[in-house]
file start25.cif (mmCIF, C-alpha atoms)
data_run
#
loop_
_atom_site.group_PDB
_atom_site.id
_atom_site.type_symbol
_atom_site.label_atom_id
_atom_site.label_comp_id
_atom_site.auth_asym_id
_atom_site.auth_seq_id
_atom_site.Cartn_x
_atom_site.Cartn_y
_atom_site.Cartn_z
ATOM 1 C CA MET A 4 -6.552 -15.279 -3.986
ATOM 2 C CA ALA A 5 -8.437 -18.436 -4.826
ATOM 3 C CA GLN A 6 -10.670 -16.831 -7.423
ATOM 4 C CA SER A 7 -10.175 -17.566 -11.087
ATOM 5 C CA ALA A 8 -8.580 -14.902 -13.234
ATOM 6 C CA VAL A 9 -11.137 -13.021 -15.292
ATOM 7 C CA ASP A 10 -8.633 -11.548 -17.715
ATOM 8 C CA GLY A 11 -7.041 -14.826 -18.724
ATOM 9 C CA THR A 12 -3.936 -14.346 -16.610
ATOM 10 C CA PRO A 13 -3.094 -17.445 -14.613
ATOM 11 C CA LEU A 14 -2.968 -16.714 -10.896
ATOM 12 C CA VAL A 15 0.056 -18.932 -10.460
ATOM 13 C CA GLU A 16 2.774 -18.770 -13.116
ATOM 14 C CA PRO A 17 5.191 -21.617 -13.771
ATOM 15 C CA LEU A 18 8.192 -21.345 -11.490
ATOM 16 C CA LEU A 19 11.799 -22.299 -11.972
ATOM 17 C CA VAL A 20 13.520 -22.789 -8.659
ATOM 18 C CA GLY A 21 17.301 -22.657 -8.956
ATOM 19 C CA SER A 22 20.079 -23.877 -6.716
ATOM 20 C CA ASP A 23 19.245 -21.513 -3.894
ATOM 21 C CA GLU A 24 20.550 -23.231 -0.779
ATOM 22 C CA VAL A 25 19.937 -20.153 1.364
ATOM 23 C CA CYS A 26 16.481 -19.303 0.015
ATOM 24 C CA LEU A 27 13.943 -19.671 2.827
ATOM 25 C CA THR A 28 10.837 -18.701 0.911
ATOM 26 C CA GLY A 29 8.743 -20.470 -1.673
ATOM 27 C CA PRO A 30 6.668 -19.339 -4.632
ATOM 28 C CA SER A 31 3.420 -17.469 -4.093
ATOM 29 C CA THR A 32 0.437 -16.318 -6.151
ATOM 30 C CA LEU A 33 0.347 -13.399 -8.574
ATOM 31 C CA MET A 34 -2.206 -10.611 -8.910
ATOM 32 C CA PRO A 35 -4.042 -10.683 -12.285
ATOM 33 C CA VAL A 36 -2.539 -8.182 -14.755
ATOM 34 C CA GLY A 37 -5.853 -6.361 -15.253
ATOM 35 C CA ARG A 38 -6.237 -5.552 -11.573
ATOM 36 C CA ALA A 39 -2.581 -4.462 -11.299
ATOM 37 C CA GLU A 40 -3.001 -2.151 -14.298
ATOM 38 C CA ARG A 41 -6.116 -0.530 -12.826
ATOM 39 C CA LEU A 42 -4.437 0.011 -9.459
ATOM 40 C CA ALA A 43 -1.294 1.405 -11.141
ATOM 41 C CA GLU A 44 -3.458 3.843 -13.116
ATOM 42 C CA ILE A 45 -5.013 5.131 -9.883
ATOM 43 C CA PHE A 46 -1.630 5.333 -8.152
ATOM 44 C CA LYS A 47 -0.193 7.228 -11.144
ATOM 45 C CA ALA A 48 -2.951 9.826 -10.860
ATOM 46 C CA LEU A 49 -1.929 10.305 -7.224
ATOM 47 C CA SER A 50 1.834 10.400 -7.897
ATOM 48 C CA ASP A 51 1.875 14.202 -7.757
ATOM 49 C CA PRO A 52 1.707 16.160 -4.450
ATOM 50 C CA THR A 53 -0.700 18.737 -5.893
ATOM 51 C CA ARG A 54 -3.124 15.998 -6.942
ATOM 52 C CA VAL A 55 -2.882 14.358 -3.510
ATOM 53 C CA ARG A 56 -3.737 17.719 -1.914
ATOM 54 C CA LEU A 57 -6.524 18.298 -4.446
ATOM 55 C CA LEU A 58 -8.147 14.946 -3.726
ATOM 56 C CA ALA A 59 -7.841 15.416 0.040
ATOM 57 C CA HIS A 60 -9.263 18.918 -0.333
ATOM 58 C CA ILE A 61 -12.223 17.731 -2.402
ATOM 59 C CA CYS A 62 -12.926 14.862 -0.013
ATOM 60 C CA SER A 63 -12.845 17.108 3.048
ATOM 61 C CA SER A 64 -14.978 19.837 1.478
ATOM 62 C CA GLU A 65 -18.596 20.431 2.459
ATOM 63 C CA HIS A 66 -20.888 17.804 0.889
ATOM 64 C CA GLY A 67 -17.733 16.012 -0.385
ATOM 65 C CA THR A 68 -17.759 18.430 -3.309
ATOM 66 C CA ALA A 69 -15.424 21.312 -4.138
ATOM 67 C CA CYS A 70 -16.115 24.176 -6.510
ATOM 68 C CA ALA A 71 -13.374 24.981 -9.026
ATOM 69 C CA CYS A 72 -13.653 28.656 -8.112
ATOM 70 C CA HIS A 73 -11.920 28.097 -4.764
ATOM 71 C CA LEU A 74 -9.185 25.738 -5.888
ATOM 72 C CA PRO A 75 -6.530 27.906 -7.596
ATOM 73 C CA GLU A 76 -6.242 30.352 -4.698
ATOM 74 C CA THR A 77 -6.325 27.527 -2.160
ATOM 75 C CA LEU A 78 -3.471 25.634 -3.790
ATOM 76 C CA GLY A 79 -1.524 28.595 -5.142
ATOM 77 C CA ILE A 80 -1.564 27.326 -8.744
ATOM 78 C CA SER A 81 -2.791 28.773 -12.043
ATOM 79 C CA GLN A 82 -6.117 27.812 -13.641
ATOM 80 C CA PRO A 83 -4.461 25.854 -16.515
ATOM 81 C CA THR A 84 -2.314 23.886 -14.038
ATOM 82 C CA LEU A 85 -5.374 23.172 -11.937
ATOM 83 C CA SER A 86 -7.317 21.989 -14.995
ATOM 84 C CA HIS A 87 -4.477 19.630 -15.916
ATOM 85 C CA HIS A 88 -4.409 18.060 -12.451
ATOM 86 C CA LEU A 89 -8.203 17.793 -12.170
ATOM 87 C CA LYS A 90 -8.341 16.124 -15.595
ATOM 88 C CA LYS A 91 -5.864 13.468 -14.433
ATOM 89 C CA LEU A 92 -7.979 12.747 -11.352
ATOM 90 C CA VAL A 93 -11.187 12.564 -13.432
ATOM 91 C CA GLU A 94 -9.542 10.251 -16.009
ATOM 92 C CA ALA A 95 -8.431 7.885 -13.243
ATOM 93 C CA GLY A 96 -11.990 7.795 -11.912
ATOM 94 C CA LEU A 97 -11.049 9.320 -8.554
ATOM 95 C CA ILE A 98 -13.348 12.321 -8.930
ATOM 96 C CA THR A 99 -16.337 13.250 -11.090
ATOM 97 C CA ARG A 100 -16.974 16.657 -12.680
ATOM 98 C CA GLU A 101 -20.320 18.397 -12.787
ATOM 99 C CA GLN A 102 -21.001 21.805 -14.322
ATOM 100 C CA ARG A 103 -23.233 23.986 -12.152
ATOM 101 C CA GLY A 104 -23.785 27.304 -13.889
ATOM 102 C CA ARG A 105 -20.461 28.986 -14.526
ATOM 103 C CA TRP A 106 -18.369 26.763 -12.254
ATOM 104 C CA ALA A 107 -17.416 23.105 -12.368
ATOM 105 C CA HIS A 108 -17.850 21.142 -9.166
ATOM 106 C CA TYR A 109 -15.782 18.072 -8.355
ATOM 107 C CA THR A 110 -16.843 15.155 -6.180
ATOM 108 C CA ALA A 111 -14.735 12.267 -4.879
ATOM 109 C CA VAL A 112 -15.690 8.740 -5.981
ATOM 110 C CA THR A 113 -15.495 6.829 -2.732
ATOM 111 C CA ASP A 114 -15.814 3.415 -4.404
ATOM 112 C CA VAL A 115 -12.463 3.929 -6.114
ATOM 113 C CA LEU A 116 -10.791 5.048 -2.905
ATOM 114 C CA ASP A 117 -12.219 1.910 -1.276
ATOM 115 C CA VAL A 118 -10.729 -0.341 -3.978
ATOM 116 C CA VAL A 119 -7.232 1.038 -3.417
ATOM 117 C CA GLN A 120 -7.648 0.941 0.336
ATOM 118 C CA ASP A 121 -8.746 -2.700 0.113
ATOM 119 C CA PHE A 122 -5.629 -3.557 -1.903
ATOM 120 C CA LEU A 123 -3.335 -1.915 0.647
ATOM 121 C CA GLY A 124 -5.281 -3.523 3.474
ATOM 122 C CA GLU A 125 -4.957 -6.993 1.947
ATOM 123 C CA SER A 126 -1.253 -6.439 1.432
ATOM 124 C CA ALA A 127 -0.643 -5.179 4.952
ATOM 125 C CA VAL A 128 -2.698 -7.951 6.555
ATOM 126 C CA ALA A 129 -1.041 -10.646 4.483
ATOM 127 C CA SER A 130 2.474 -9.530 5.335
ATOM 128 C CA SER A 131 1.917 -8.632 9.004
ATOM 129 C CA GLY A 132 0.334 -12.027 9.533
ATOM 130 C CA CYS A 133 3.570 -13.621 8.439
ATOM 131 C CA GLY A 134 5.953 -11.568 10.560
ATOM 132 C CA ALA A 135 6.877 -8.720 8.216
ATOM 133 C CA GLU A 136 9.646 -6.385 9.310
ATOM 134 C CA ARG A 137 8.933 -3.155 11.247
ATOM 135 C CA MET B 28 -7.510 18.270 10.210
ATOM 136 C CA ALA B 29 -7.222 20.466 13.291
ATOM 137 C CA GLN B 30 -3.562 19.679 13.921
ATOM 138 C CA SER B 31 -0.947 22.350 13.358
ATOM 139 C CA ALA B 32 1.250 22.040 10.296
ATOM 140 C CA VAL B 33 4.711 20.731 11.169
ATOM 141 C CA ASP B 34 6.348 21.845 7.941
ATOM 142 C CA GLY B 35 5.309 25.468 8.153
ATOM 143 C CA THR B 36 2.544 25.160 5.604
ATOM 144 C CA PRO B 37 -0.627 26.865 6.768
ATOM 145 C CA LEU B 38 -3.542 24.450 6.883
ATOM 146 C CA VAL B 39 -5.898 27.102 5.545
ATOM 147 C CA GLU B 40 -4.621 29.364 2.777
ATOM 148 C CA PRO B 41 -6.064 32.804 2.085
ATOM 149 C CA LEU B 42 -9.078 32.518 -0.204
ATOM 150 C CA LEU B 43 -10.456 34.812 -2.822
ATOM 151 C CA VAL B 44 -14.113 34.104 -3.410
ATOM 152 C CA GLY B 45 -15.323 35.590 -6.687
ATOM 153 C CA SER B 46 -18.748 36.321 -8.044
ATOM 154 C CA ASP B 47 -19.894 32.726 -8.086
ATOM 155 C CA GLU B 48 -23.653 32.899 -7.680
ATOM 156 C CA VAL B 49 -24.059 29.170 -8.357
ATOM 157 C CA CYS B 50 -21.190 27.973 -6.160
ATOM 158 C CA LEU B 51 -22.666 25.856 -3.368
ATOM 159 C CA THR B 52 -19.467 24.957 -1.564
ATOM 160 C CA GLY B 53 -17.114 26.904 0.629
ATOM 161 C CA PRO B 54 -13.382 26.773 1.329
ATOM 162 C CA SER B 55 -11.855 23.826 3.145
ATOM 163 C CA THR B 56 -8.509 22.894 4.692
ATOM 164 C CA LEU B 57 -5.355 21.862 2.866
ATOM 165 C CA MET B 58 -3.033 18.946 3.523
ATOM 166 C CA PRO B 59 0.500 20.066 4.531
ATOM 167 C CA VAL B 60 2.919 19.962 1.576
ATOM 168 C CA GLY B 61 5.308 17.586 3.333
ATOM 169 C CA ARG B 62 2.657 14.915 3.847
ATOM 170 C CA ALA B 63 1.393 15.281 0.261
ATOM 171 C CA GLU B 64 4.944 14.885 -1.072
ATOM 172 C CA ARG B 65 5.550 11.721 0.961
ATOM 173 C CA LEU B 66 2.243 10.193 -0.169
ATOM 174 C CA ALA B 67 2.933 11.143 -3.805
ATOM 175 C CA GLU B 68 6.355 9.482 -3.569
ATOM 176 C CA ILE B 69 4.737 6.250 -2.389
ATOM 177 C CA PHE B 70 2.002 6.445 -5.061
ATOM 178 C CA LYS B 71 4.662 7.059 -7.734
ATOM 179 C CA ALA B 72 6.479 3.878 -6.702
ATOM 180 C CA LEU B 73 3.189 2.025 -7.212
ATOM 181 C CA SER B 74 2.306 3.697 -10.537
ATOM 182 C CA ASP B 75 3.575 0.683 -12.500
ATOM 183 C CA PRO B 76 1.587 -2.585 -12.803
ATOM 184 C CA THR B 77 4.708 -4.726 -12.352
ATOM 185 C CA ARG B 78 5.537 -2.977 -9.096
ATOM 186 C CA VAL B 79 1.943 -3.378 -7.878
ATOM 187 C CA ARG B 80 2.188 -7.120 -8.599
ATOM 188 C CA LEU B 81 5.640 -7.299 -6.995
ATOM 189 C CA LEU B 82 4.432 -5.661 -3.786
ATOM 190 C CA ALA B 83 1.316 -7.857 -3.653
ATOM 191 C CA HIS B 84 3.496 -10.916 -4.316
ATOM 192 C CA ILE B 85 5.964 -10.028 -1.564
ATOM 193 C CA CYS B 86 3.162 -9.292 0.905
ATOM 194 C CA SER B 87 1.408 -12.572 0.197
ATOM 195 C CA SER B 88 4.586 -14.671 0.307
ATOM 196 C CA GLU B 89 5.420 -16.968 3.200
ATOM 197 C CA HIS B 90 6.671 -14.982 6.215
ATOM 198 C CA GLY B 91 5.827 -11.760 4.304
ATOM 199 C CA THR B 92 9.187 -12.135 2.579
ATOM 200 C CA ALA B 93 10.018 -13.066 -1.012
ATOM 201 C CA CYS B 94 13.357 -14.329 -2.310
ATOM 202 C CA ALA B 95 14.670 -12.634 -5.459
ATOM 203 C CA CYS B 96 15.370 -16.048 -6.942
ATOM 204 C CA HIS B 97 11.657 -16.705 -7.557
ATOM 205 C CA LEU B 98 10.655 -13.284 -8.842
ATOM 206 C CA PRO B 99 11.836 -13.113 -12.478
ATOM 207 C CA GLU B 100 10.185 -16.395 -13.457
ATOM 208 C CA THR B 101 7.046 -15.535 -11.516
ATOM 209 C CA LEU B 102 6.597 -12.167 -13.213
ATOM 210 C CA GLY B 103 8.080 -13.057 -16.600
ATOM 211 C CA ILE B 104 10.637 -10.234 -16.524
ATOM 212 C CA SER B 105 14.423 -10.100 -16.804
ATOM 213 C CA GLN B 106 16.720 -9.768 -13.784
ATOM 214 C CA PRO B 107 17.766 -6.155 -14.641
ATOM 215 C CA THR B 108 14.100 -5.116 -15.030
ATOM 216 C CA LEU B 109 13.282 -6.787 -11.727
ATOM 217 C CA SER B 110 16.187 -5.014 -10.002
ATOM 218 C CA HIS B 111 14.963 -1.667 -11.331
ATOM 219 C CA HIS B 112 11.438 -2.200 -9.998
ATOM 220 C CA LEU B 113 12.601 -3.551 -6.627
ATOM 221 C CA LYS B 114 14.925 -0.555 -6.223
ATOM 222 C CA LYS B 115 11.991 1.830 -6.746
ATOM 223 C CA LEU B 116 9.962 0.021 -4.076
ATOM 224 C CA VAL B 117 12.918 0.043 -1.637
ATOM 225 C CA GLU B 118 13.574 3.761 -2.264
ATOM 226 C CA ALA B 119 9.937 4.581 -1.507
ATOM 227 C CA GLY B 120 10.185 2.640 1.749
ATOM 228 C CA LEU B 121 7.549 0.082 0.740
ATOM 229 C CA ILE B 122 9.895 -2.896 1.078
ATOM 230 C CA THR B 123 13.237 -3.613 2.726
ATOM 231 C CA ARG B 124 16.089 -5.638 1.237
ATOM 232 C CA GLU B 125 18.153 -8.185 3.135
ATOM 233 C CA GLN B 126 20.974 -10.267 1.695
ATOM 234 C CA ARG B 127 20.845 -13.916 2.796
ATOM 235 C CA GLY B 128 23.761 -15.781 1.267
ATOM 236 C CA ARG B 129 23.583 -15.519 -2.493
ATOM 237 C CA TRP B 130 20.025 -14.200 -2.728
ATOM 238 C CA ALA B 131 18.399 -10.956 -1.674
ATOM 239 C CA HIS B 132 15.151 -11.249 0.254
ATOM 240 C CA TYR B 133 12.495 -8.523 0.234
ATOM 241 C CA THR B 134 10.001 -7.786 3.000
ATOM 242 C CA ALA B 135 7.012 -5.444 2.941
ATOM 243 C CA VAL B 136 7.001 -2.518 5.380
ATOM 244 C CA THR B 137 3.487 -2.648 6.747
ATOM 245 C CA ASP B 138 3.774 0.749 8.481
ATOM 246 C CA VAL B 139 4.078 2.479 5.120
ATOM 247 C CA LEU B 140 1.116 0.573 3.692
ATOM 248 C CA ASP B 141 -0.844 1.634 6.783
ATOM 249 C CA VAL B 142 0.009 5.315 6.223
ATOM 250 C CA VAL B 143 -1.341 5.251 2.669
ATOM 251 C CA GLN B 144 -4.375 3.244 3.708
ATOM 252 C CA ASP B 145 -5.093 5.767 6.463
ATOM 253 C CA PHE B 146 -4.965 8.621 3.946
ATOM 254 C CA LEU B 147 -7.393 6.882 1.611
ATOM 255 C CA GLY B 148 -9.592 5.943 4.549
ATOM 256 C CA GLU B 149 -9.721 9.537 5.805
ATOM 257 C CA SER B 150 -10.561 10.753 2.314
ATOM 258 C CA ALA B 151 -13.301 8.173 1.775
ATOM 259 C CA VAL B 152 -14.851 8.742 5.201
ATOM 260 C CA ALA B 153 -14.753 12.515 4.826
ATOM 261 C CA SER B 154 -16.450 12.509 1.438
ATOM 262 C CA SER B 155 -18.976 9.718 2.063
ATOM 263 C CA GLY B 156 -20.055 11.482 5.234
ATOM 264 C CA CYS B 157 -21.035 14.466 3.119
ATOM 265 C CA GLY B 158 -22.998 12.650 0.435
ATOM 266 C CA ALA B 159 -20.327 12.031 -2.204
ATOM 267 C CA GLU B 160 -21.465 10.710 -5.560
ATOM 268 C CA ARG B 161 -21.612 6.962 -6.322
#

call {"tool": "encode", "arguments": {"input": "start25.cif", "output": "structure tokens"}}
result
Amino acid sequence: MAQSAVDGTPLVEPLLVGSDEVCLTGPSTLMPVGRAERLAEIFKALSDPTRVRLLAHICSSEHGTACACHLPETLGISQPTLSHHLKKLVEAGLITREQRGRWAHYTAVTDVLDVVQDFLGESAVASSGCGAER
Amino acid sequence: MAQSAVDGTPLVEPLLVGSDEVCLTGPSTLMPVGRAERLAEIFKALSDPTRVRLLAHICSSEHGTACACHLPETLGISQPTLSHHLKKLVEAGLITREQRGRWAHYTAVTDVLDVVQDFLGESAVASSGCGAER
């Protein structure tokens, strides 16, 4: 991460290295707070199994869009519970909502999925390149 | 998802399709509950900005391993707060802990990162292939 922080957070914080005779590793860089907060917000929206299933369901639906009329029966949940979960996914920017006549339709926002995937990819590549366990 | 469910959850639940003249989409498949619960557990561990930064820091550290001695100063948090966050990441299987002399060292588990990345990749590919918004 050589780029400059856009939110004012220094990429490398001051470090105090103690008397750690057995410490084999050195300091590293830190992710800017703003990016970490955005990723955490997305992860929080997906921290519920029903929302994970909802997102997967929406993504795998025809035209990448699912109609709200099918969702309660599919997932075995009530309409108010469904609305709560869909709202969380919309607020996190993972799906968009569009009213078509009497039913709302929900579509996955692939850009957001890509951002999270990129983060996990960077993390996995960085650690596997340095001999991470397992 | 043509594979059979290993946890007994049917991949396609019974559907009731109502009088939805304007509904353009049909039913789809559902992710097995067990997989959704595992993914949600991982996402929950990453639903905090400090833990996102910790994981990124550990992944980008030399040898994919970070020594606990550097972490509090790097992140500007107390040792008890750090221990709490590291415990959550260990419990979710995202990192492993190894005691080396007086300091604990933490290493990212790339397999787990891969599992989450695969899920997001599947979701993005499935929806973008069907003309998802944005």

call {"tool": "residues_near_point", "arguments": {"input": "start25.cif", "point": "(-6.8, 17.8, -15.1)", "cutoff": "12 Å", "atoms": "all atoms listed in the file", "output": "PyMOL selection string"}}
result
chain A and resi 48-49+51+53-54+57-58+71+82-100+109

call {"tool": "write_last_selection", "arguments": {"input": "start25.cif", "atoms": "C-alpha atoms", "output": "PDB file, in the coordinates of the input"}}
result
ATOM      1  CA  ALA A  48      -2.951   9.826 -10.860  1.00  0.00           C
ATOM      2  CA  LEU A  49      -1.929  10.305  -7.224  1.00  0.00           C
ATOM      3  CA  ASP A  51       1.875  14.202  -7.757  1.00  0.00           C
ATOM      4  CA  THR A  53      -0.700  18.737  -5.893  1.00  0.00           C
ATOM      5  CA  ARG A  54      -3.124  15.998  -6.942  1.00  0.00           C
ATOM      6  CA  LEU A  57      -6.524  18.298  -4.446  1.00  0.00           C
ATOM      7  CA  LEU A  58      -8.147  14.946  -3.726  1.00  0.00           C
ATOM      8  CA  ALA A  71     -13.374  24.981  -9.026  1.00  0.00           C
ATOM      9  CA  GLN A  82      -6.117  27.812 -13.641  1.00  0.00           C
ATOM     10  CA  PRO A  83      -4.461  25.854 -16.515  1.00  0.00           C
ATOM     11  CA  THR A  84      -2.314  23.886 -14.038  1.00  0.00           C
ATOM     12  CA  LEU A  85      -5.374  23.172 -11.937  1.00  0.00           C
ATOM     13  CA  SER A  86      -7.317  21.989 -14.995  1.00  0.00           C
ATOM     14  CA  HIS A  87      -4.477  19.630 -15.916  1.00  0.00           C
ATOM     15  CA  HIS A  88      -4.409  18.060 -12.451  1.00  0.00           C
ATOM     16  CA  LEU A  89      -8.203  17.793 -12.170  1.00  0.00           C
ATOM     17  CA  LYS A  90      -8.341  16.124 -15.595  1.00  0.00           C
ATOM     18  CA  LYS A  91      -5.864  13.468 -14.433  1.00  0.00           C
ATOM     19  CA  LEU A  92      -7.979  12.747 -11.352  1.00  0.00           C
ATOM     20  CA  VAL A  93     -11.187  12.564 -13.432  1.00  0.00           C
ATOM     21  CA  GLU A  94      -9.542  10.251 -16.009  1.00  0.00           C
ATOM     22  CA  ALA A  95      -8.431   7.885 -13.243  1.00  0.00           C
ATOM     23  CA  GLY A  96     -11.990   7.795 -11.912  1.00  0.00           C
ATOM     24  CA  LEU A  97     -11.049   9.320  -8.554  1.00  0.00           C
ATOM     25  CA  ILE A  98     -13.348  12.321  -8.930  1.00  0.00           C
ATOM     26  CA  THR A  99     -16.337  13.250 -11.090  1.00  0.00           C
ATOM     27  CA  ARG A 100     -16.974  16.657 -12.680  1.00  0.00           C
ATOM     28  CA  TYR A 109     -15.782  18.072  -8.355  1.00  0.00           C
TER      29      TYR A 109
END

call {"tool": "residues_near_point", "arguments": {"input": "start25.cif", "point": "(-22.6, 20.7, -13.6)", "cutoff": "12 Å", "atoms": "only C-alpha atoms", "output": "PyMOL selection string"}}
result
(chain A and resi 68-71+99-110) or (chain B and resi 49-51)

call {"tool": "atom_distance", "arguments": {"input": "start25.cif", "atom1": "atom CA of His97 of chain B", "atom2": "atom CA of Ala129 of chain A"}}
result
18.5 Å

call {"tool": "residues_around", "arguments": {"input": "start25.cif", "residues": "Arg65 of chain B", "least_positions_apart": "4", "cutoff": "9 Å", "atoms": "only C-alpha atoms", "output": "compact mmCIF listing (two decimals) with C-alpha atoms, keeping the file's coordinate frame"}}
result
# COMPACT_ATOMS: atom_id res chain seq x y z
CA PRO A 52 1.71 16.16 -4.45
CA VAL B 60 2.92 19.96 1.58
CA GLY B 61 5.31 17.59 3.33
CA ILE B 69 4.74 6.25 -2.39
CA PHE B 70 2.00 6.44 -5.06
CA ALA B 119 9.94 4.58 -1.51

call {"tool": "atom_distance", "arguments": {"input": "start25.cif", "atom1": "atom CA of Gln120 of chain A", "atom2": "atom CA of His66 of chain A"}}
result
21.4 Å

call {"tool": "closest_residue", "arguments": {"input": "start25.cif", "among": "B:Ile104, B:Ala67, B:Leu98, B:Leu57", "to": "Val142 of chain B", "atoms": "only C-alpha atoms"}}
result
B:Ala67

call {"tool": "atom_distance", "arguments": {"input": "start25.cif", "atom1": "atom CA of Ser150 of chain B", "atom2": "atom CA of Gly67 of chain A"}}
result
9.3 Å

call {"tool": "axis_aligned_box", "arguments": {"input": "start25.cif", "around": "segment 68-81 of chain B", "padding_each_side": "8 Å", "output": "JSON"}}
result
{"center_x": 4.0, "center_y": 1.1, "center_z": -7.6, "size_x": 20.9, "size_y": 32.8, "size_z": 26.4}
